[in-house]
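Quick look at query31.cif (mmCIF, C-alpha atoms):
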```cif
data_coords
#
loop_
_atom_site.label_atom_id
_atom_site.label_comp_id
_atom_site.auth_asym_id
_atom_site.auth_seq_id
_atom_site.Cartn_x
_atom_site.Cartn_y
_atom_site.Cartn_z
CA MET A 1 8.07 -8.67 21.88
CA HIS A 2 4.95 -8.96 24.01
CA PHE A 3 2.00 -6.67 23.46
CA ALA A 4 -0.73 -6.37 26.05
CA PRO A 5 -4.04 -7.23 24.35
CA VAL A 6 -7.11 -5.00 24.42
CA PRO A 7 -10.46 -6.52 25.47
CA LEU A 8 -13.05 -6.60 22.72
CA SER A 9 -15.57 -4.92 25.02
CA TRP A 10 -13.50 -1.72 24.99
CA TYR A 11 -14.05 -1.41 21.26
CA LEU A 12 -17.77 -1.99 21.69
CA MET A 13 -17.95 0.62 24.47
CA LEU A 14 -16.11 3.15 22.30
CA SER A 15 -18.59 2.42 19.53
CA ALA A 16 -21.55 2.93 21.89
CA ILE A 17 -20.13 6.23 23.17
CA LEU A 18 -19.51 7.51 19.63
CA PHE A 19 -23.04 6.50 18.63
CA ALA A 20 -24.50 8.32 21.65
CA LEU A 21 -22.49 11.43 20.77
CA GLY A 22 -23.82 11.20 17.23
CA VAL A 23 -27.38 11.02 18.52
CA ALA A 24 -26.69 14.02 20.77
CA GLY A 25 -25.42 16.04 17.83
CA PHE A 26 -28.40 14.96 15.75
CA LEU A 27 -30.84 16.15 18.44
CA TYR A 28 -29.15 19.31 19.67
CA ARG A 29 -27.63 20.97 16.65
CA LYS A 30 -29.62 23.35 14.52
CA SER A 31 -27.47 23.62 11.40
CA VAL A 32 -28.60 21.07 8.83
CA ILE A 33 -25.01 20.37 7.74
CA THR A 34 -23.92 19.53 11.29
CA VAL A 35 -26.96 17.30 11.75
CA PHE A 36 -25.84 15.47 8.62
CA MET A 37 -22.30 15.12 9.99
CA SER A 38 -23.69 13.63 13.22
CA LEU A 39 -25.43 11.05 11.05
CA GLU A 40 -22.08 10.13 9.48
CA LEU A 41 -20.63 9.82 12.99
CA MET A 42 -23.33 7.30 13.91
CA LEU A 43 -22.66 5.27 10.75
CA ASN A 44 -18.95 5.21 11.65
CA ALA A 45 -19.72 3.97 15.16
CA VAL A 46 -21.78 1.10 13.75
CA ASN A 47 -18.93 0.27 11.36
CA LEU A 48 -16.57 -0.06 14.31
CA THR A 49 -18.93 -2.62 15.86
CA PHE A 50 -19.05 -4.59 12.60
CA VAL A 51 -15.26 -4.74 12.36
CA ALA A 52 -14.86 -5.60 16.06
CA PHE A 53 -17.27 -8.54 15.84
CA SER A 54 -15.58 -9.59 12.62
CA TYR A 55 -12.37 -9.91 14.63
CA GLN A 56 -14.18 -11.85 17.34
CA LEU A 57 -15.61 -14.38 14.84
CA GLN A 58 -12.44 -14.36 12.68
CA GLN A 59 -14.57 -14.02 9.56
CA ILE A 60 -14.48 -11.17 7.07
CA ASP A 61 -18.23 -10.97 6.50
CA GLY A 62 -18.32 -8.05 8.93
CA HIS A 63 -15.79 -6.23 6.78
CA ILE A 64 -18.04 -6.67 3.75
CA TYR A 65 -20.95 -5.19 5.67
CA ALA A 66 -18.79 -2.27 6.82
CA PHE A 67 -17.81 -1.76 3.17
CA PHE A 68 -21.47 -1.70 2.11
CA VAL A 69 -22.27 0.76 4.90
CA MET A 70 -19.49 3.01 3.58
CA VAL A 71 -20.85 2.83 0.03
CA VAL A 72 -24.38 3.64 1.19
CA ALA A 73 -23.02 6.50 3.32
CA ALA A 74 -21.18 7.94 0.33
CA ALA A 75 -24.32 7.75 -1.83
CA GLU A 76 -26.37 9.24 0.97
CA ALA A 77 -23.87 12.10 1.39
CA ALA A 78 -24.10 12.94 -2.32
CA VAL A 79 -27.92 12.98 -2.36
CA GLY A 80 -28.22 14.65 1.07
CA LEU A 81 -25.86 17.47 0.20
CA ALA A 82 -27.74 18.02 -3.07
CA ILE A 83 -30.94 18.30 -1.01
CA ILE A 84 -29.22 20.80 1.32
CA LEU A 85 -28.18 22.83 -1.73
CA THR A 86 -31.79 22.85 -2.95
CA ILE A 87 -33.11 23.86 0.49
CA PHE A 88 -30.65 26.72 0.65
CA LYS A 89 -31.51 27.80 -2.89
CA ASN A 90 -35.23 27.95 -2.10
CA ARG A 91 -35.28 29.20 1.49
CA HIS A 92 -31.92 30.96 2.04
CA THR A 93 -31.41 29.35 5.44
CA LEU A 94 -29.66 26.32 6.91
CA GLN A 95 -31.44 26.34 10.29
CA ILE A 96 -33.52 23.18 10.53
CA ASP A 97 -36.21 24.71 12.71
CA GLU A 98 -36.89 27.38 10.12
CA VAL A 99 -37.49 24.67 7.52
CA ASP A 100 -40.67 23.32 9.09
CA THR A 101 -43.16 23.46 6.25
CA MET A 102 -43.27 21.21 3.20
CA LYS A 103 -44.56 23.97 0.96
CA LEU A 104 -43.14 27.44 0.56
CA MET B 1 1.66 -1.05 23.30
CA ASP B 2 -1.70 -2.18 21.92
CA THR B 3 -3.47 -0.75 24.94
CA ILE B 4 -1.63 2.56 24.68
CA LEU B 5 -2.44 2.89 20.99
CA PHE B 6 -6.08 2.00 21.59
CA ILE B 7 -6.43 4.48 24.46
CA ILE B 8 -4.80 7.28 22.46
CA CYS B 9 -7.05 6.66 19.45
CA ALA B 10 -10.16 6.26 21.60
CA ILE B 11 -9.48 9.53 23.42
CA VAL B 12 -8.83 11.35 20.15
CA ALA B 13 -12.04 9.91 18.66
CA ILE B 14 -14.20 10.85 21.66
CA ALA B 15 -12.63 14.31 21.97
CA CYS B 16 -13.17 15.00 18.27
CA ALA B 17 -16.76 13.74 18.46
CA LEU B 18 -17.42 16.01 21.45
CA ASN B 19 -15.83 18.89 19.55
CA LEU B 20 -18.10 18.07 16.60
CA ILE B 21 -21.26 18.54 18.64
CA LEU B 22 -19.99 21.52 20.67
CA GLN B 23 -18.50 23.74 17.95
CA LYS B 24 -20.82 26.40 16.61
CA HIS B 25 -19.27 26.68 13.16
CA PRO B 26 -19.84 23.86 10.63
CA ILE B 27 -16.28 23.97 9.32
CA SER B 28 -14.89 23.20 12.81
CA SER B 29 -17.34 20.32 13.08
CA ALA B 30 -16.20 18.98 9.71
CA LEU B 31 -12.53 19.07 10.72
CA SER B 32 -13.38 17.28 13.99
CA LEU B 33 -15.20 14.61 12.01
CA ILE B 34 -12.04 14.06 9.95
CA GLY B 35 -10.19 13.49 13.26
CA VAL B 36 -12.77 10.90 14.31
CA MET B 37 -12.43 9.10 10.98
CA ALA B 38 -8.63 9.05 11.07
CA SER B 39 -8.53 7.59 14.58
CA LEU B 40 -11.18 5.02 13.61
CA ALA B 41 -8.96 4.01 10.67
CA VAL B 42 -6.12 3.30 13.10
CA LEU B 43 -8.49 1.20 15.22
CA TYR B 44 -9.53 -0.77 12.11
CA LEU B 45 -5.85 -1.49 11.46
CA LEU B 46 -5.50 -2.74 15.04
CA LEU B 47 -8.47 -5.05 14.41
CA GLY B 48 -6.79 -6.50 11.33
CA ALA B 49 -9.02 -4.77 8.78
CA GLU B 50 -6.45 -3.35 6.38
CA PHE B 51 -8.79 -2.82 3.44
CA ILE B 52 -11.51 -1.20 5.55
CA ALA B 53 -8.94 1.12 7.15
CA MET B 54 -7.71 2.28 3.75
CA ALA B 55 -11.26 2.63 2.42
CA GLN B 56 -12.15 4.61 5.55
CA MET B 57 -9.36 7.09 4.88
CA ILE B 58 -9.99 7.37 1.14
CA VAL B 59 -13.80 7.27 0.99
CA TYR B 60 -14.73 8.93 4.28
CA GLY B 61 -11.72 11.05 5.16
CA GLY B 62 -11.19 11.98 1.54
CA ALA B 63 -14.24 11.96 -0.68
CA VAL B 64 -17.16 12.45 1.72
CA MET B 65 -15.48 15.10 3.84
CA VAL B 66 -14.30 17.03 0.79
CA LEU B 67 -17.94 17.03 -0.33
CA PHE B 68 -19.02 18.36 3.07
CA ILE B 69 -16.41 21.11 3.18
CA PHE B 70 -17.18 21.99 -0.43
CA VAL B 71 -20.87 22.46 0.39
CA ILE B 72 -20.07 24.44 3.57
CA MET B 73 -17.89 26.82 1.58
CA LEU B 74 -20.31 26.97 -1.37
CA LEU B 75 -23.22 27.96 0.87
CA ASN B 76 -21.01 30.19 3.01
CA ALA B 77 -22.53 28.53 6.07
CA GLY B 78 -21.98 30.66 9.14
CA THR B 79 -22.41 30.13 12.86
CA GLU B 80 -25.75 28.62 13.73
CA LYS B 81 -28.28 30.54 15.79
CA PRO B 82 -29.36 28.98 19.08
CA SER B 83 -33.02 28.24 19.45
CA SER B 84 -35.11 26.62 22.16
CA LYS B 85 -37.89 25.06 20.17
CA SER B 86 -37.12 21.46 21.13
CA TRP B 87 -37.78 21.61 24.88
CA PHE B 88 -38.01 17.83 25.22
CA ALA B 89 -34.47 17.31 23.95
CA GLN B 90 -33.22 20.13 26.18
CA ILE B 91 -34.61 18.47 29.31
CA ALA B 92 -34.46 14.75 28.69
CA GLY B 93 -31.72 14.45 26.06
CA VAL B 94 -28.60 14.07 28.21
CA PRO B 95 -30.17 11.70 30.81
CA LEU B 96 -31.61 9.50 28.06
CA LEU B 97 -28.26 9.33 26.25
CA LEU B 98 -26.45 8.46 29.49
CA ALA B 99 -29.07 5.78 30.11
CA PHE B 100 -28.44 4.44 26.59
CA VAL B 101 -24.68 4.23 27.18
CA ALA B 102 -25.26 2.59 30.58
CA ILE B 103 -27.59 -0.02 29.10
CA MET B 104 -25.11 -0.75 26.32
CA ALA B 105 -22.32 -1.11 28.91
CA PHE B 106 -24.51 -3.50 30.91
CA PHE B 107 -25.23 -5.67 27.88
CA ILE B 108 -21.61 -5.65 26.79
CA ARG B 109 -20.54 -6.78 30.29
CA ARG B 110 -23.24 -9.40 30.75
CA ALA B 111 -24.52 -10.69 27.46
CA LEU B 112 -21.30 -10.81 25.44
CA PRO B 113 -19.96 -14.37 25.17
CA PRO B 114 -16.38 -14.88 26.32
CA SER B 115 -14.44 -13.02 23.67
CA ARG B 116 -10.82 -13.05 22.65
CA ALA B 117 -8.73 -10.01 23.41
CA VAL B 118 -7.59 -7.98 20.44
CA ARG B 119 -3.89 -8.33 19.74
CA PHE B 120 -2.44 -6.46 16.77
CA GLY B 121 -1.26 -8.79 14.04
CA SER B 122 -2.72 -11.99 15.50
CA TRP B 123 -5.40 -12.08 12.78
CA VAL B 124 -5.09 -10.21 9.50
CA GLY B 125 -8.11 -11.40 7.57
CA GLY B 126 -9.25 -8.18 5.97
CA THR B 127 -6.67 -7.85 3.23
CA ALA B 128 -7.73 -6.48 -0.14
CA ASP B 129 -7.20 -9.99 -1.55
CA ALA B 130 -9.61 -11.67 0.87
CA ILE B 131 -12.21 -8.90 0.67
CA GLY B 132 -12.11 -8.94 -3.12
CA ARG B 133 -12.55 -12.71 -3.29
CA MET B 134 -15.51 -12.56 -0.89
CA LEU B 135 -17.05 -9.60 -2.71
CA PHE B 136 -16.96 -11.27 -6.11
CA THR B 137 -18.09 -14.74 -5.03
CA THR B 138 -20.40 -14.87 -2.00
CA TYR B 139 -21.56 -11.27 -2.10
CA LEU B 140 -21.70 -10.80 -5.87
CA LEU B 141 -25.42 -9.98 -6.03
CA PRO B 142 -25.36 -7.30 -3.26
CA PHE B 143 -22.26 -5.86 -4.92
CA GLU B 144 -24.04 -5.48 -8.25
CA VAL B 145 -27.18 -4.11 -6.59
CA ILE B 146 -25.16 -1.51 -4.74
CA SER B 147 -23.61 -0.34 -8.01
CA ILE B 148 -27.14 0.39 -9.25
CA LEU B 149 -27.77 2.24 -5.97
CA ILE B 150 -24.73 4.43 -6.60
CA LEU B 151 -25.88 5.12 -10.16
CA ILE B 152 -29.29 6.22 -8.86
CA ALA B 153 -27.61 8.37 -6.21
CA ILE B 154 -25.49 10.11 -8.85
CA LEU B 155 -28.55 10.76 -11.00
CA GLY B 156 -30.49 11.99 -7.96
CA ALA B 157 -27.74 14.38 -6.95
CA VAL B 158 -27.52 15.79 -10.47
CA VAL B 159 -31.30 16.18 -10.75
CA LEU B 160 -31.60 17.82 -7.32
CA ALA B 161 -28.74 20.26 -7.69
CA ARG B 162 -29.26 21.34 -11.30
CA LYS B 163 -30.50 24.76 -12.31
CA GLU B 164 -33.98 25.01 -13.78
CA ILE B 165 -33.62 25.88 -17.46
CA ASP B 166 -36.72 26.98 -19.26
#
```
So, in terms of structure tokens, how does the structure I just supplied come out?
Amino acid sequence: MHFAPVPLSWYLMLSAILFALGVAGFLYRKSVITVFMSLELMLNAVNLTFVAFSYQLQQIDGHIYAFFVMVVAAAEAAVGLAIILTIFKNRHTLQIDEVDTMKL
Amino acid sequence: MDTILFIICAIVAIACALNLILQKHPISSALSLIGVMASLAVLYLLLGAEFIAMAQMIVYGGAVMVLFIFVIMLLNAGTEKPSSKSWFAQIAGVPLLLAFVAIMAFFIRRALPPSRAVRFGSWVGGTADAIGRMLFTTYLLPFEVISILILIAILGAVVLARKEID
């Protein structure tokens, strides 16, 4: 059974588009949780590039890097959400432009 | 077949990402992000990355997103209020992002060396076996360092989110 192959550049373009959408969410959204989710979207887009180039080179080093990115993203999510909890506890808001001073 | 599957997953991923940045309620954004991650997992499978696809579903689609939704519900996060403080992003944001995508497209067209087309099943290198061997031989030191990073992250999360007792 013959399957039509997909050019590698399509994967890279999809990754670029997802990254740009992540940047857009990061810049435009005002809820700190959604800004954080846009960050995760950008990390996912970069992961797609790693895996695509890993296919191109036929080596699994790219998979290892994608794995490390996932681990760091999980750690970052845990710490970041704890910071969001603390911000909400102290300031009772999740709007990032109301959190514009270091000191209360 | 490959092309159809890729196009379906790409459209789902882009539509979910657009939905993520357009929805006003954080819980809708979180569900859209799960859609993005699921379609990316299918694309990883197409690229022969079995282990990464499974880890994507379990770690991202499972653990991280549960954490997000848990925090959204814990804080009772409502619809965000619009504000117009960032005038630069309002004016120049969309043109700059389109320019970024155009530049990336240009480099992908021009600078990419002749690459092989992706055919499902023609290379399955990313099995759990191969990844595990690589992780515990060549990348042993980064693996151990990242375990310390996770330990510090756990401690940091506990310290940040605890109640002050005095």
Which residues of chain A come within 7 Å of chain B, and for each one, what is the closest pair of atoms and their distance in Å to one decimal, counting all atoms listed in the file, sorted by chain and residue number, as a Markdown table?
```
| residue | atom | partner | partner_atom | distance |
| --- | --- | --- | --- | --- |
| A:Phe3 | CA | B:Met1 | CA | 5.6 |
| A:Ala4 | CA | B:Asp2 | CA | 6.0 |
| A:Pro5 | CA | B:Arg119 | CA | 4.7 |
| A:Val6 | CA | B:Val118 | CA | 5.0 |
| A:Pro7 | CA | B:Ala117 | CA | 4.4 |
| A:Leu8 | CA | B:Ala117 | CA | 5.5 |
| A:Ser9 | CA | B:Ile108 | CA | 6.3 |
| A:Met13 | CA | B:Ala105 | CA | 6.5 |
| A:Leu14 | CA | B:Ala10 | CA | 6.8 |
| A:Ala16 | CA | B:Val101 | CA | 6.3 |
| A:Ile17 | CA | B:Val101 | CA | 6.4 |
| A:Leu18 | CA | B:Ile14 | CA | 6.6 |
| A:Ala20 | CA | B:Leu97 | CA | 6.0 |
| A:Leu21 | CA | B:Ala17 | CA | 6.6 |
| A:Gly25 | CA | B:Ile21 | CA | 4.9 |
| A:Leu27 | CA | B:Ala89 | CA | 6.7 |
| A:Lys30 | CA | B:Glu80 | CA | 6.6 |
| A:Ser31 | CA | B:Glu80 | CA | 5.8 |
| A:Ile33 | CA | B:Pro26 | CA | 6.9 |
| A:Thr34 | CA | B:Pro26 | CA | 6.0 |
| A:Val51 | CA | B:Tyr44 | CA | 7.0 |
| A:Ala52 | CA | B:Leu47 | CA | 6.6 |
| A:Tyr55 | CA | B:Leu47 | CA | 6.2 |
| A:Gln56 | CA | B:Arg116 | CA | 6.4 |
| A:Ile60 | CA | B:Gly126 | CA | 6.1 |
| A:His63 | CA | B:Ile52 | CA | 6.7 |
| A:Ile64 | CA | B:Ile131 | CA | 7.0 |
| A:Phe67 | CA | B:Ile52 | CA | 6.8 |
| A:Ala74 | CA | B:Val64 | CA | 6.2 |
| A:Ala75 | CA | B:Ala153 | CA | 5.5 |
| A:Ala77 | CA | B:Val64 | CA | 6.7 |
| A:Ala78 | CA | B:Ala157 | CA | 6.1 |
| A:Val79 | CA | B:Ala157 | CA | 4.8 |
| A:Ala82 | CA | B:Ala161 | CA | 5.2 |
| A:Ile83 | CA | B:Leu160 | CA | 6.4 |
| A:Leu85 | CA | B:Ala161 | CA | 6.5 |
| A:Thr86 | CA | B:Ala161 | CA | 6.2 |
```
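Across the model, the gap from atom CA of Met102 of chain A to atom CA of Phe36 of chain A is 19.1 Å.
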Selected residue, from A:Ala24, A:Leu48, A:Val32, A:Val72, that lies nearest to Ile96 of chain A when counting all atoms listed in the file
A:Val32
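Atom CA of Ala92 of chain B is positioned 11.4 Å from atom CA of Tyr28 of chain A.
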Explicit residues for the PyMOL selection byres ((chain A and resi 104) around 9) (as an mmCIF file with C-alpha atoms, keeping the file's coordinate frame):
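The resulting file, out-v1.cif, is reproduced below:
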```
data_model
loop_
_atom_site.group_PDB
_atom_site.id
_atom_site.type_symbol
_atom_site.label_atom_id
_atom_site.label_comp_id
_atom_site.auth_asym_id
_atom_site.auth_seq_id
_atom_site.Cartn_x
_atom_site.Cartn_y
_atom_site.Cartn_z
ATOM 1 C CA ASN A 90 -35.230 27.950 -2.100
ATOM 2 C CA ARG A 91 -35.280 29.200 1.490
ATOM 3 C CA THR A 101 -43.160 23.460 6.250
ATOM 4 C CA MET A 102 -43.270 21.210 3.200
ATOM 5 C CA LYS A 103 -44.560 23.970 0.960
#
```
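What separates atom CA of Gln95 of chain A from atom CA of Ala38 of chain B is a distance of 28.6 Å.
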Saved segment 4-31 of chain A from the preceding structure, C-alpha atoms, as an mmCIF file, in the first residue's frame:
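decode22.cif, freshly written:
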```cif
data_model
loop_
_atom_site.group_PDB
_atom_site.id
_atom_site.type_symbol
_atom_site.label_atom_id
_atom_site.label_comp_id
_atom_site.auth_asym_id
_atom_site.auth_seq_id
_atom_site.Cartn_x
_atom_site.Cartn_y
_atom_site.Cartn_z
ATOM 1 C CA ALA A 4 2.048 9.789 -0.159
ATOM 2 C CA PRO A 5 4.883 11.274 1.922
ATOM 3 C CA VAL A 6 4.713 14.653 3.641
ATOM 4 C CA PRO A 7 7.565 17.145 3.076
ATOM 5 C CA LEU A 8 9.583 17.916 6.177
ATOM 6 C CA SER A 9 9.115 21.647 5.581
ATOM 7 C CA TRP A 10 5.391 21.318 6.309
ATOM 8 C CA TYR A 11 6.191 20.183 9.834
ATOM 9 C CA LEU A 12 8.589 23.082 10.292
ATOM 10 C CA MET A 13 5.999 25.552 8.988
ATOM 11 C CA LEU A 14 3.372 24.164 11.365
ATOM 12 C CA SER A 15 5.873 24.565 14.183
ATOM 13 C CA ALA A 16 6.583 28.182 13.193
ATOM 14 C CA ILE A 17 2.865 28.999 13.015
ATOM 15 C CA LEU A 18 2.194 27.440 16.424
ATOM 16 C CA PHE A 19 5.137 29.356 17.897
ATOM 17 C CA ALA A 20 3.828 32.631 16.430
ATOM 18 C CA LEU A 21 0.381 31.930 17.882
ATOM 19 C CA GLY A 22 2.003 31.270 21.243
ATOM 20 C CA VAL A 23 3.826 34.598 21.068
ATOM 21 C CA ALA A 24 0.546 36.316 20.133
ATOM 22 C CA GLY A 25 -1.198 34.804 23.142
ATOM 23 C CA PHE A 26 1.714 35.771 25.362
ATOM 24 C CA LEU A 27 1.526 39.409 24.212
ATOM 25 C CA TYR A 28 -2.219 39.941 23.936
ATOM 26 C CA ARG A 29 -3.785 38.052 26.795
ATOM 27 C CA LYS A 30 -4.218 39.645 30.183
ATOM 28 C CA SER A 31 -4.978 36.635 32.378
#
```
